[in-house]
file protein.tsv (TSV, C-alpha atoms)
chain	number	residue	atom	x	y	z
A	1	MET	CA	18.34	3.12	-10.25
A	2	PRO	CA	16.22	5.52	-12.34
A	3	ASN	CA	16.72	9.24	-11.62
A	4	LEU	CA	18.07	8.57	-8.13
A	5	LYS	CA	20.66	11.36	-8.15
A	6	GLU	CA	18.15	13.86	-9.51
A	7	ALA	CA	15.60	12.95	-6.85
A	8	ALA	CA	18.20	13.14	-4.07
A	9	ALA	CA	19.27	16.59	-5.26
A	10	LEU	CA	15.63	17.70	-5.24
A	11	LEU	CA	15.17	16.54	-1.65
A	12	ALA	CA	18.54	17.94	-0.54
A	13	ARG	CA	17.50	21.49	-1.39
A	14	ALA	CA	13.96	21.24	-0.02
A	15	ASN	CA	12.88	23.06	3.13
A	16	ASP	CA	9.15	22.14	3.19
A	17	VAL	CA	7.78	18.78	2.03
A	18	THR	CA	4.46	16.94	2.10
A	19	LEU	CA	4.68	13.16	1.70
A	20	LEU	CA	1.61	11.15	0.75
A	21	GLY	CA	0.81	7.45	0.75
A	22	HIS	CA	-2.11	5.84	-1.02
A	23	VAL	CA	-5.58	5.56	0.53
A	24	ARG	CA	-6.02	2.79	3.10
A	25	PRO	CA	-2.23	2.55	3.33
A	26	ASP	CA	-0.24	-0.57	4.03
A	27	ALA	CA	3.07	-0.72	5.85
A	28	ASP	CA	5.06	-0.13	2.66
A	29	ALA	CA	3.20	3.08	1.80
A	30	LEU	CA	3.28	4.66	5.27
A	31	GLY	CA	6.55	3.06	6.34
A	32	SER	CA	8.30	4.45	3.26
A	33	ALA	CA	6.75	7.90	3.76
A	34	LEU	CA	7.63	8.02	7.46
A	35	ALA	CA	11.20	6.77	6.87
A	36	LEU	CA	11.88	9.42	4.24
A	37	GLY	CA	10.02	12.00	6.30
A	38	ARG	CA	12.14	11.34	9.39
A	39	ALA	CA	15.33	11.54	7.36
A	40	LEU	CA	14.26	14.92	5.99
A	41	GLN	CA	13.13	16.12	9.43
A	42	LEU	CA	16.58	15.34	10.82
A	43	ARG	CA	17.99	17.59	8.08
A	44	GLY	CA	15.85	20.47	9.37
A	45	VAL	CA	13.09	20.21	6.76
A	46	GLU	CA	9.45	20.99	7.64
A	47	VAL	CA	7.74	17.66	7.00
A	48	ARG	CA	4.15	16.39	6.87
A	49	VAL	CA	3.03	12.83	6.13
A	50	SER	CA	-0.60	12.21	5.22
A	51	ILE	CA	-3.12	10.01	3.39
A	52	GLY	CA	-6.45	10.71	1.74
A	53	GLU	CA	-8.35	7.99	3.58
A	54	PRO	CA	-8.96	7.26	6.43
A	55	GLU	CA	-8.54	10.47	8.40
A	56	LYS	CA	-6.59	8.74	11.16
A	57	MET	CA	-3.48	6.67	10.67
A	58	PRO	CA	-4.18	2.91	10.92
A	59	GLU	CA	-3.69	1.83	14.52
A	60	THR	CA	-1.21	-0.93	13.65
A	61	LEU	CA	1.11	1.57	11.94
A	62	ARG	CA	1.05	4.36	14.52
A	63	GLY	CA	4.13	3.03	16.28
A	64	LEU	CA	6.18	3.84	13.17
A	65	ASP	CA	5.59	7.59	13.53
A	66	VAL	CA	8.30	8.34	16.07
A	67	GLY	CA	8.68	11.96	14.98
A	68	GLY	CA	4.99	12.85	15.05
A	69	LEU	CA	4.99	13.55	11.31
A	70	TYR	CA	1.46	12.40	10.54
A	71	VAL	CA	-1.03	15.15	9.71
A	72	PRO	CA	-4.70	14.36	8.91
A	73	ALA	CA	-5.70	15.29	5.37
A	74	SER	CA	-8.10	17.94	6.66
A	75	GLU	CA	-5.23	19.75	8.43
A	76	LEU	CA	-2.77	19.96	5.53
A	77	PRO	CA	-1.80	23.42	4.29
A	78	GLU	CA	-3.43	24.63	1.10
A	79	SER	CA	-0.34	23.93	-0.98
A	80	GLU	CA	3.33	22.99	-0.91
A	81	ARG	CA	6.35	23.50	-3.14
A	82	LEU	CA	7.37	19.83	-3.05
A	83	LEU	CA	4.92	16.93	-2.95
A	84	VAL	CA	6.20	13.35	-2.67
A	85	ALA	CA	3.85	10.47	-3.50
A	86	LEU	CA	5.01	7.06	-2.33
A	87	ASP	CA	3.84	3.57	-3.32
A	88	THR	CA	1.09	5.21	-5.40
A	89	PRO	CA	0.97	4.32	-9.12
A	90	THR	CA	-1.80	6.76	-10.14
A	91	PRO	CA	-3.08	10.06	-8.71
A	92	GLY	CA	-6.45	8.42	-8.16
A	93	ARG	CA	-4.95	6.21	-5.47
A	94	LEU	CA	-4.34	9.37	-3.42
A	95	GLY	CA	-8.12	9.69	-2.99
A	96	LYS	CA	-9.33	13.14	-2.06
A	97	LEU	CA	-5.73	14.40	-2.03
A	98	ALA	CA	-5.28	13.64	-5.75
A	99	PRO	CA	-6.01	17.25	-6.85
A	100	ARG	CA	-2.87	18.39	-4.99
A	101	VAL	CA	-0.73	16.82	-7.73
A	102	ASP	CA	-2.09	19.10	-10.45
A	103	ALA	CA	-2.21	22.06	-8.05
A	104	VAL	CA	1.49	21.76	-7.18
A	105	ARG	CA	2.48	21.34	-10.81
A	106	ALA	CA	0.30	24.27	-11.91
A	107	ALA	CA	1.96	26.48	-9.28
A	108	GLY	CA	5.42	25.59	-10.59
A	109	GLY	CA	6.23	23.19	-7.76
A	110	ASP	CA	7.69	19.69	-7.94
A	111	VAL	CA	6.03	16.31	-7.58
A	112	LEU	CA	8.33	13.38	-6.82
A	113	VAL	CA	6.87	9.90	-7.33
A	114	ILE	CA	8.61	6.98	-5.61
A	115	ASP	CA	6.99	3.66	-6.47
A	116	HIS	CA	7.52	0.03	-7.47
A	117	HIS	CA	4.24	-0.72	-9.27
A	118	ALA	CA	4.37	-1.77	-12.92
A	119	SER	CA	1.12	0.18	-13.44
A	120	ASN	CA	2.71	3.54	-12.51
A	121	VAL	CA	1.66	6.26	-14.99
A	122	PHE	CA	4.56	8.66	-14.24
A	123	TYR	CA	2.39	11.57	-13.14
A	124	GLY	CA	5.07	13.60	-11.35
A	125	THR	CA	7.77	16.01	-12.42
A	126	HIS	CA	10.43	13.63	-11.07
A	127	HIS	CA	10.31	9.85	-10.69
A	128	VAL	CA	12.05	7.04	-8.87
A	129	VAL	CA	10.00	4.16	-10.26
A	130	ASP	CA	11.29	0.61	-10.54
A	131	ASP	CA	8.84	-2.28	-10.85
A	132	THR	CA	11.61	-4.81	-10.19
A	133	ALA	CA	11.91	-3.59	-6.59
A	134	GLU	CA	9.96	-5.78	-4.17
A	135	ALA	CA	8.80	-2.77	-2.14
A	136	THR	CA	8.85	1.01	-2.28
A	137	ALA	CA	10.92	0.76	0.91
A	138	VAL	CA	13.77	-0.64	-1.21
A	139	LEU	CA	13.76	2.52	-3.34
A	140	VAL	CA	13.57	4.79	-0.30
A	141	PHE	CA	16.59	3.04	1.22
A	142	ALA	CA	18.55	3.62	-1.99
A	143	LEU	CA	17.47	7.26	-1.99
A	144	LEU	CA	18.56	7.70	1.63
A	145	GLU	CA	21.95	6.20	0.78
A	146	GLU	CA	22.26	8.70	-2.08
A	147	LEU	CA	21.46	11.49	0.41
A	148	GLY	CA	24.11	10.19	2.80
A	149	THR	CA	21.54	9.62	5.54
A	150	GLU	CA	22.51	7.70	8.65
A	151	ILE	CA	19.89	4.98	9.10
A	152	ASP	CA	18.79	5.11	12.74
A	153	GLU	CA	16.44	2.59	14.37
A	154	PRO	CA	13.16	4.48	13.69
A	155	ILE	CA	14.01	4.86	9.99
A	156	ALA	CA	15.13	1.24	9.79
A	157	ARG	CA	11.93	0.06	11.51
A	158	CYS	CA	9.74	1.90	9.00
A	159	LEU	CA	11.66	0.40	6.08
A	160	TYR	CA	11.64	-3.09	7.59
A	161	ALA	CA	7.86	-2.88	8.02
A	162	GLY	CA	7.50	-2.16	4.31
A	163	LEU	CA	9.88	-4.95	3.32
A	164	VAL	CA	8.40	-7.68	5.49
A	165	THR	CA	4.83	-6.99	4.43
A	166	ASP	CA	5.30	-6.43	0.70
A	167	THR	CA	7.45	-9.56	0.35
A	168	SER	CA	5.00	-11.74	2.34
A	169	GLY	CA	7.50	-12.29	5.11
A	170	PHE	CA	10.45	-12.32	2.64
A	171	ARG	CA	8.98	-15.23	0.69
A	172	ARG	CA	9.27	-13.12	-2.49
A	173	ALA	CA	12.55	-11.39	-1.65
A	174	ARG	CA	15.75	-11.61	-3.66
A	175	PRO	CA	19.13	-12.13	-1.99
A	176	SER	CA	19.85	-8.39	-2.20
A	177	THR	CA	16.66	-7.65	-0.28
A	178	HIS	CA	17.61	-10.10	2.45
A	179	LEU	CA	20.94	-8.28	2.70
A	180	LEU	CA	19.06	-4.98	2.98
A	181	ALA	CA	16.95	-6.46	5.77
A	182	ALA	CA	20.15	-7.48	7.54
A	183	LYS	CA	21.35	-3.87	7.44
A	184	LEU	CA	18.07	-2.74	8.98
A	185	LEU	CA	18.38	-5.34	11.75
A	186	GLU	CA	21.91	-4.12	12.42
A	187	ALA	CA	20.43	-0.64	12.91
A	188	GLY	CA	18.45	-2.00	15.85
A	189	VAL	CA	15.14	-3.27	14.46
A	190	ASP	CA	13.36	-5.93	16.52
A	191	PRO	CA	11.79	-8.08	13.77
A	192	ASP	CA	9.50	-10.04	16.07
A	193	LYS	CA	8.04	-6.85	17.55
A	194	VAL	CA	7.51	-5.25	14.12
A	195	VAL	CA	5.72	-8.26	12.65
A	196	ARG	CA	3.66	-8.84	15.77
A	197	GLU	CA	2.39	-5.26	15.87
A	198	ILE	CA	1.73	-4.86	12.16
A	199	VAL	CA	0.74	-8.33	10.94
A	200	ASP	CA	-0.17	-10.68	13.78
A	201	ASP	CA	-1.97	-8.47	16.29
A	202	HIS	CA	-5.79	-8.69	16.06
A	203	PRO	CA	-8.55	-8.09	18.61
A	204	PHE	CA	-10.81	-11.00	19.51
A	205	ALA	CA	-13.61	-9.41	17.44
A	206	TRP	CA	-11.62	-10.42	14.36
A	207	LEU	CA	-12.48	-14.09	14.93
A	208	PRO	CA	-16.30	-13.83	14.77
A	209	MET	CA	-16.03	-11.38	11.87
A	210	LEU	CA	-13.74	-13.77	10.00
A	211	SER	CA	-16.04	-16.68	10.80
A	212	GLU	CA	-19.04	-14.90	9.30
A	213	VAL	CA	-17.16	-13.81	6.19
A	214	LEU	CA	-15.60	-17.22	5.53
A	215	ALA	CA	-18.96	-18.95	5.98
A	216	GLY	CA	-20.02	-17.17	2.80
A	217	ALA	CA	-16.79	-17.77	0.87
A	218	ARG	CA	-17.08	-19.68	-2.39
A	219	LEU	CA	-14.71	-21.69	-4.57
A	220	GLU	CA	-15.25	-21.76	-8.35
A	221	PRO	CA	-12.67	-24.17	-9.78
A	222	ASP	CA	-13.34	-23.36	-13.45
A	223	GLU	CA	-13.00	-19.58	-13.15
A	224	ALA	CA	-9.84	-17.49	-13.62
A	225	ARG	CA	-8.91	-19.33	-16.83
A	226	GLY	CA	-9.15	-22.66	-15.04
A	227	PHE	CA	-6.79	-21.75	-12.22
A	228	GLY	CA	-9.72	-21.58	-9.81
A	229	LEU	CA	-11.22	-18.62	-7.98
A	230	ALA	CA	-11.91	-18.29	-4.25
A	231	HIS	CA	-13.89	-15.22	-3.21
A	232	ALA	CA	-15.46	-13.71	-0.12
A	233	VAL	CA	-17.46	-10.60	0.72
A	234	VAL	CA	-17.08	-8.30	3.73
A	235	THR	CA	-20.16	-6.13	4.17
A	236	LEU	CA	-20.27	-2.87	6.08
A	237	ASP	CA	-22.38	-4.45	8.80
A	238	VAL	CA	-19.84	-7.20	9.42
A	239	ALA	CA	-16.89	-4.80	9.19
A	240	ARG	CA	-18.25	-2.36	11.78
A	241	SER	CA	-17.13	-4.65	14.61
A	242	VAL	CA	-13.42	-4.42	13.69
A	243	ARG	CA	-10.70	-2.05	12.51
A	244	ALA	CA	-9.82	-1.54	8.86
A	245	GLU	CA	-6.72	-3.65	9.48
A	246	GLU	CA	-8.86	-6.72	10.20
A	247	VAL	CA	-10.83	-6.24	7.01
A	248	GLU	CA	-7.64	-5.92	4.97
A	249	ALA	CA	-6.29	-9.13	6.52
A	250	VAL	CA	-9.15	-11.28	5.15
A	251	ILE	CA	-7.46	-11.63	1.74
A	252	ASP	CA	-4.47	-13.32	3.37
A	253	VAL	CA	-6.76	-16.06	4.66
A	254	VAL	CA	-8.70	-16.52	1.42
A	255	ARG	CA	-5.52	-16.61	-0.68
A	256	SER	CA	-4.28	-19.66	1.25
A	257	THR	CA	-6.88	-21.83	-0.54
A	258	ARG	CA	-4.96	-24.63	-2.25
A	259	GLU	CA	-7.52	-25.19	-5.01
A	260	ALA	CA	-7.66	-21.56	-6.15
A	261	GLY	CA	-4.99	-19.82	-8.20
A	262	VAL	CA	-6.74	-16.50	-7.66
A	263	ALA	CA	-8.33	-15.07	-4.52
A	264	VAL	CA	-10.69	-12.08	-4.39
A	265	VAL	CA	-12.19	-10.24	-1.44
A	266	LEU	CA	-14.89	-7.58	-1.86
A	267	LYS	CA	-14.92	-5.05	0.99
A	268	GLU	CA	-17.98	-2.82	1.10
A	269	ALA	CA	-17.12	0.87	1.42
A	270	GLU	CA	-19.27	3.75	2.55
A	271	PRO	CA	-21.39	4.73	-0.48
A	272	THR	CA	-20.78	8.00	-2.27
A	273	GLY	CA	-23.90	7.69	-4.42
A	274	PRO	CA	-26.98	5.51	-4.87
A	275	ARG	CA	-25.03	2.32	-5.64
A	276	GLN	CA	-22.98	0.08	-3.38
A	277	ARG	CA	-19.24	0.69	-3.54
A	278	TRP	CA	-16.58	-2.00	-3.05
A	279	GLN	CA	-12.85	-2.02	-2.46
A	280	VAL	CA	-11.52	-5.14	-4.14
A	281	SER	CA	-8.36	-7.08	-3.27
A	282	LEU	CA	-6.99	-9.63	-5.74
A	283	ARG	CA	-4.18	-12.13	-5.23
A	284	SER	CA	-2.61	-14.59	-7.64
A	285	ALA	CA	-0.70	-17.75	-6.78
A	286	GLY	CA	1.46	-17.14	-9.83
A	287	GLY	CA	-0.60	-18.27	-12.81
A	288	LEU	CA	-2.45	-15.09	-13.78
A	289	ASP	CA	-1.60	-11.38	-13.88
A	290	VAL	CA	-4.30	-9.97	-11.60
A	291	SER	CA	-3.07	-6.40	-12.12
A	292	ALA	CA	-4.44	-6.61	-15.66
A	293	ALA	CA	-7.86	-7.64	-14.34
A	294	ALA	CA	-7.80	-4.85	-11.76
A	295	GLY	CA	-6.76	-2.43	-14.47
A	296	GLU	CA	-9.90	-3.20	-16.48
A	297	LEU	CA	-11.92	-1.92	-13.50
A	298	GLY	CA	-9.82	1.21	-13.07
A	299	GLY	CA	-7.37	-0.17	-10.51
A	300	GLY	CA	-3.90	-1.64	-10.68
A	301	GLY	CA	-1.05	-3.00	-8.63
A	302	HIS	CA	1.34	-5.90	-8.94
A	303	ARG	CA	0.99	-8.95	-11.16
A	304	GLN	CA	0.32	-11.13	-8.12
A	305	ALA	CA	-1.35	-8.56	-5.84
A	306	ALA	CA	-3.69	-5.83	-7.07
A	307	GLY	CA	-6.84	-3.93	-6.24
A	308	CYS	CA	-9.58	-1.70	-7.56
A	309	THR	CA	-12.80	0.07	-6.64
A	310	ALA	CA	-16.11	-0.90	-8.23
A	311	GLU	CA	-19.78	-0.03	-7.88
A	312	GLY	CA	-22.84	-2.26	-7.99
A	313	THR	CA	-24.07	-5.27	-6.09
A	314	ALA	CA	-21.52	-7.83	-4.93
A	315	GLY	CA	-22.77	-10.19	-7.63
A	316	GLU	CA	-22.38	-7.56	-10.34
A	317	VAL	CA	-18.84	-6.73	-9.29
A	318	LEU	CA	-17.90	-10.41	-9.11
A	319	ASP	CA	-19.24	-10.94	-12.63
A	320	LYS	CA	-17.08	-8.06	-13.90
A	321	LEU	CA	-14.05	-9.50	-12.13
A	322	LYS	CA	-14.63	-12.98	-13.53
A	323	ALA	CA	-14.86	-11.56	-17.04
A	324	ALA	CA	-11.66	-9.55	-16.53
A	325	LEU	CA	-9.85	-12.57	-15.09
A	326	SER	CA	-10.89	-14.64	-18.08
A	327	ARG	CA	-8.83	-12.21	-20.20
A	328	ALA	CA	-5.90	-11.80	-17.80
A	329	PRO	CA	-2.46	-12.70	-19.21
A	330	LEU	CA	-0.63	-15.75	-17.99
A	331	LEU	CA	2.49	-15.26	-15.89
call {"tool": "encode", "arguments": {"input": "protein.tsv", "output": "structure tokens"}}
result
Amino acid sequence: MPNLKEAAALLARANDVTLLGHVRPDADALGSALALGRALQLRGVEVRVSIGEPEKMPETLRGLDVGGLYVPASELPESERLLVALDTPTPGRLGKLAPRVDAVRAAGGDVLVIDHHASNVFYGTHHVVDDTAEATAVLVFALLEELGTEIDEPIARCLYAGLVTDTSGFRRARPSTHLLAAKLLEAGVDPDKVVREIVDDHPFAWLPMLSEVLAGARLEPDEARGFGLAHAVVTLDVARSVRAEEVEAVIDVVRSTREAGVAVVLKEAEPTGPRQRWQVSLRSAGGLDVSAAAGELGGGGHRQAAGCTAEGTAGEVLDKLKAALSRAPLL
């Protein structure tokens, strides 16, 4: 495990820590941050967990914050001596909180990066980065073991949430990760409750939203180097009827298309300038490296699950994605 002892020593001597997940966090980003944050809080450390966007924690993940660690970005202190970025391969994925990385380093503080993305650019002063780990939660568990932390049920629940989501319900988990999940269950996690709250729970408004989005979905069998491309667009008007969680869940429906090796969902974001802005989710069934395509547009992620942000009309962004996918490496 890279630099695990060094990172544990850094955390062991800390007394004030800010932990950040990436913008629009998933269960691995926030679950990992909250698990590590609770472990540090139990050691007497002053802890804050935050994200750059949105201001409020996603509703489906609020049950993970047993210790009340979450602090909105607007309420963070001006600086900290130790900043921990989790599940975040580049500073840009921290959104408006990205400048804190350079600020902490310039002030002589430490930045610990804990991540499992192959696209990580090693922007901290210390790193626990391993792209063979199925989730950042795996690395946090190893770090907590190095710290000698007793894994209680709230910590285990946060880690389990990261594992179950980033492995697609353990479909992409190695035997060692299943054994880790067993340890978390032994700590008291209720797996049915975790999955129901984080993955399966949607308001009725999700159904008409999904119906409208899928009515406009398209399949292009010859795209994505012949693997086939299924894509859909979620506009701001359609998305206003639901939570961010429902919008993020659309890709899991589109990716189930049998005829498409690659799925793409464009999610319209609030504009920051004169042009439309889109958050893009890409998924691969295993033929193409979609992280390479996302990287061409300034994003990144995993070989089979990646994302980026792009500006322009939906058609313009799709054309850029198709061109990038035509150059994506085979897996």
call {"tool": "closest_residue", "arguments": {"input": "protein.tsv", "among": "A:Val23, A:Ala182, A:Leu11, A:Val113", "to": "A:Val129", "atoms": "all atoms listed in the file"}}
result
A:Val113
call {"tool": "residues_around", "arguments": {"input": "protein.tsv", "residues": "stretch 84-87 of chain A", "least_positions_apart": "3", "cutoff": "10 Å", "atoms": "all atoms listed in the file", "output": "VMD selection string"}}
result
chain A and resid 11 17 to 22 25 to 26 28 to 33 36 to 37 49 to 51 90 to 91 93 to 94 98 101 110 to 117 120 123 to 124 126 to 129 135 to 137 139 to 140 301
call {"tool": "residues_around", "arguments": {"input": "protein.tsv", "residues": "A:Gly261", "least_positions_apart": "2", "cutoff": "12 Å", "atoms": "all atoms listed in the file", "output": "PyMOL selection string"}}
result
chain A and resi 219-231+254-259+263-264+282-290+304+325+330-331
call {"tool": "residues_around", "arguments": {"input": "protein.tsv", "residues": "stretch 149-156 of chain A", "least_positions_apart": "4", "cutoff": "12 Å", "atoms": "only C-alpha atoms", "output": "PyMOL selection string"}}
result
chain A and resi 8+11-12+30-43+63-68+137-138+140-145+160-164+180-191+194
call {"tool": "closest_residue", "arguments": {"input": "protein.tsv", "among": "A:Leu147, A:Leu69, A:Ala173, A:Leu236", "to": "A:Leu4", "atoms": "only C-alpha atoms"}}
result
A:Leu147
call {"tool": "atom_distance", "arguments": {"input": "protein.tsv", "atom1": "atom CA of A:Leu61", "atom2": "atom CA of A:Gln279"}}
result
20.4 Å
call {"tool": "residues_around", "arguments": {"input": "protein.tsv", "residues": "A:Arg275", "least_positions_apart": "2", "cutoff": "8 Å", "atoms": "all atoms listed in the file", "output": "ChimeraX atom specification"}}
result
/A:271-273,277,311-313
call {"tool": "atom_distance", "arguments": {"input": "protein.tsv", "atom1": "atom CA of A:Thr125", "atom2": "atom CA of A:Gly299"}}
result
22.2 Å
call {"tool": "closest_residue", "arguments": {"input": "protein.tsv", "among": "A:Lys56, A:Lys5, A:Arg62, A:Arg174", "to": "A:Cys158", "atoms": "all atoms listed in the file"}}
result
A:Arg62
call {"tool": "closest_residue", "arguments": {"input": "protein.tsv", "among": "A:Ala106, A:Pro175, A:Glu75, A:Glu59", "to": "A:Pro203", "atoms": "all atoms listed in the file"}}
result
A:Glu59
call {"tool": "closest_atom_pairs", "arguments": {"input": "protein.tsv", "of": "stretch 227-329 of chain A", "to": "stretch 52-55 of chain A", "cutoff": "12 Å", "atoms": "only C-alpha atoms", "output": "Markdown table"}}
result
| residue | atom | partner | partner_atom | distance |
| --- | --- | --- | --- | --- |
| A:Arg243 | CA | A:Pro54 | CA | 11.3 |
| A:Ala244 | CA | A:Pro54 | CA | 9.2 |
| A:Glu245 | CA | A:Pro54 | CA | 11.5 |
| A:Ala269 | CA | A:Glu53 | CA | 11.5 |
| A:Glu270 | CA | A:Pro54 | CA | 11.6 |
call {"tool": "build_atoms", "arguments": {"input": "protein.tsv", "residues": "stretch 5-13 of chain A", "atoms": "all heavy atoms", "output": "mmCIF file, in the frame of the given file"}}
result
data_model
loop_
_atom_site.group_PDB
_atom_site.id
_atom_site.type_symbol
_atom_site.label_atom_id
_atom_site.label_comp_id
_atom_site.auth_asym_id
_atom_site.auth_seq_id
_atom_site.Cartn_x
_atom_site.Cartn_y
_atom_site.Cartn_z
ATOM 1 N N LYS A 5 19.867 10.162 -8.481
ATOM 2 C CA LYS A 5 20.660 11.360 -8.150
ATOM 3 C C LYS A 5 19.823 12.620 -8.265
ATOM 4 O O LYS A 5 19.920 13.526 -7.437
ATOM 5 C CB LYS A 5 21.894 11.434 -9.052
ATOM 6 C CG LYS A 5 22.935 10.347 -8.791
ATOM 7 C CD LYS A 5 24.169 10.582 -9.641
ATOM 8 C CE LYS A 5 25.203 9.482 -9.394
ATOM 9 N NZ LYS A 5 25.690 9.526 -7.986
ATOM 10 N N GLU A 6 19.006 12.692 -9.294
ATOM 11 C CA GLU A 6 18.150 13.860 -9.510
ATOM 12 C C GLU A 6 17.154 14.013 -8.363
ATOM 13 O O GLU A 6 16.921 15.112 -7.858
ATOM 14 C CB GLU A 6 17.413 13.712 -10.834
ATOM 15 C CG GLU A 6 16.533 14.889 -11.199
ATOM 16 C CD GLU A 6 15.801 14.665 -12.508
ATOM 17 O OE1 GLU A 6 16.330 13.926 -13.366
ATOM 18 O OE2 GLU A 6 14.706 15.217 -12.674
ATOM 19 N N ALA A 7 16.559 12.903 -7.946
ATOM 20 C CA ALA A 7 15.600 12.950 -6.850
ATOM 21 C C ALA A 7 16.280 13.338 -5.535
ATOM 22 O O ALA A 7 15.730 14.117 -4.744
ATOM 23 C CB ALA A 7 14.913 11.588 -6.696
ATOM 24 N N ALA A 8 17.474 12.799 -5.298
ATOM 25 C CA ALA A 8 18.200 13.140 -4.070
ATOM 26 C C ALA A 8 18.556 14.619 -4.052
ATOM 27 O O ALA A 8 18.457 15.274 -2.997
ATOM 28 C CB ALA A 8 19.467 12.285 -3.968
ATOM 29 N N ALA A 9 18.940 15.158 -5.188
ATOM 30 C CA ALA A 9 19.270 16.590 -5.260
ATOM 31 C C ALA A 9 18.038 17.431 -4.980
ATOM 32 O O ALA A 9 18.116 18.466 -4.304
ATOM 33 C CB ALA A 9 19.844 16.917 -6.637
ATOM 34 N N LEU A 10 16.885 16.994 -5.485
ATOM 35 C CA LEU A 10 15.630 17.700 -5.240
ATOM 36 C C LEU A 10 15.305 17.742 -3.753
ATOM 37 O O LEU A 10 14.954 18.790 -3.193
ATOM 38 C CB LEU A 10 14.507 17.009 -6.015
ATOM 39 C CG LEU A 10 13.094 17.592 -5.869
ATOM 40 C CD1 LEU A 10 13.015 18.961 -6.522
ATOM 41 C CD2 LEU A 10 12.076 16.639 -6.495
ATOM 42 N N LEU A 11 15.459 16.614 -3.089
ATOM 43 C CA LEU A 11 15.170 16.540 -1.650
ATOM 44 C C LEU A 11 16.210 17.296 -0.833
ATOM 45 O O LEU A 11 15.884 17.891 0.196
ATOM 46 C CB LEU A 11 15.125 15.076 -1.219
ATOM 47 C CG LEU A 11 13.947 14.256 -1.770
ATOM 48 C CD1 LEU A 11 14.147 12.774 -1.469
ATOM 49 C CD2 LEU A 11 12.616 14.735 -1.195
ATOM 50 N N ALA A 12 17.463 17.288 -1.290
ATOM 51 C CA ALA A 12 18.540 17.940 -0.540
ATOM 52 C C ALA A 12 18.350 19.447 -0.441
ATOM 53 O O ALA A 12 18.779 20.066 0.539
ATOM 54 C CB ALA A 12 19.892 17.615 -1.178
ATOM 55 N N ARG A 13 17.691 20.032 -1.436
ATOM 56 C CA ARG A 13 17.500 21.490 -1.390
ATOM 57 C C ARG A 13 16.115 21.897 -0.900
ATOM 58 O O ARG A 13 15.792 23.080 -0.862
ATOM 59 C CB ARG A 13 17.765 22.090 -2.778
ATOM 60 C CG ARG A 13 16.860 21.597 -3.879
ATOM 61 C CD ARG A 13 17.189 22.323 -5.195
ATOM 62 N NE ARG A 13 16.341 21.876 -6.291
ATOM 63 C CZ ARG A 13 16.679 20.942 -7.170
ATOM 64 N NH1 ARG A 13 17.862 20.355 -7.086
ATOM 65 N NH2 ARG A 13 15.839 20.594 -8.135
#
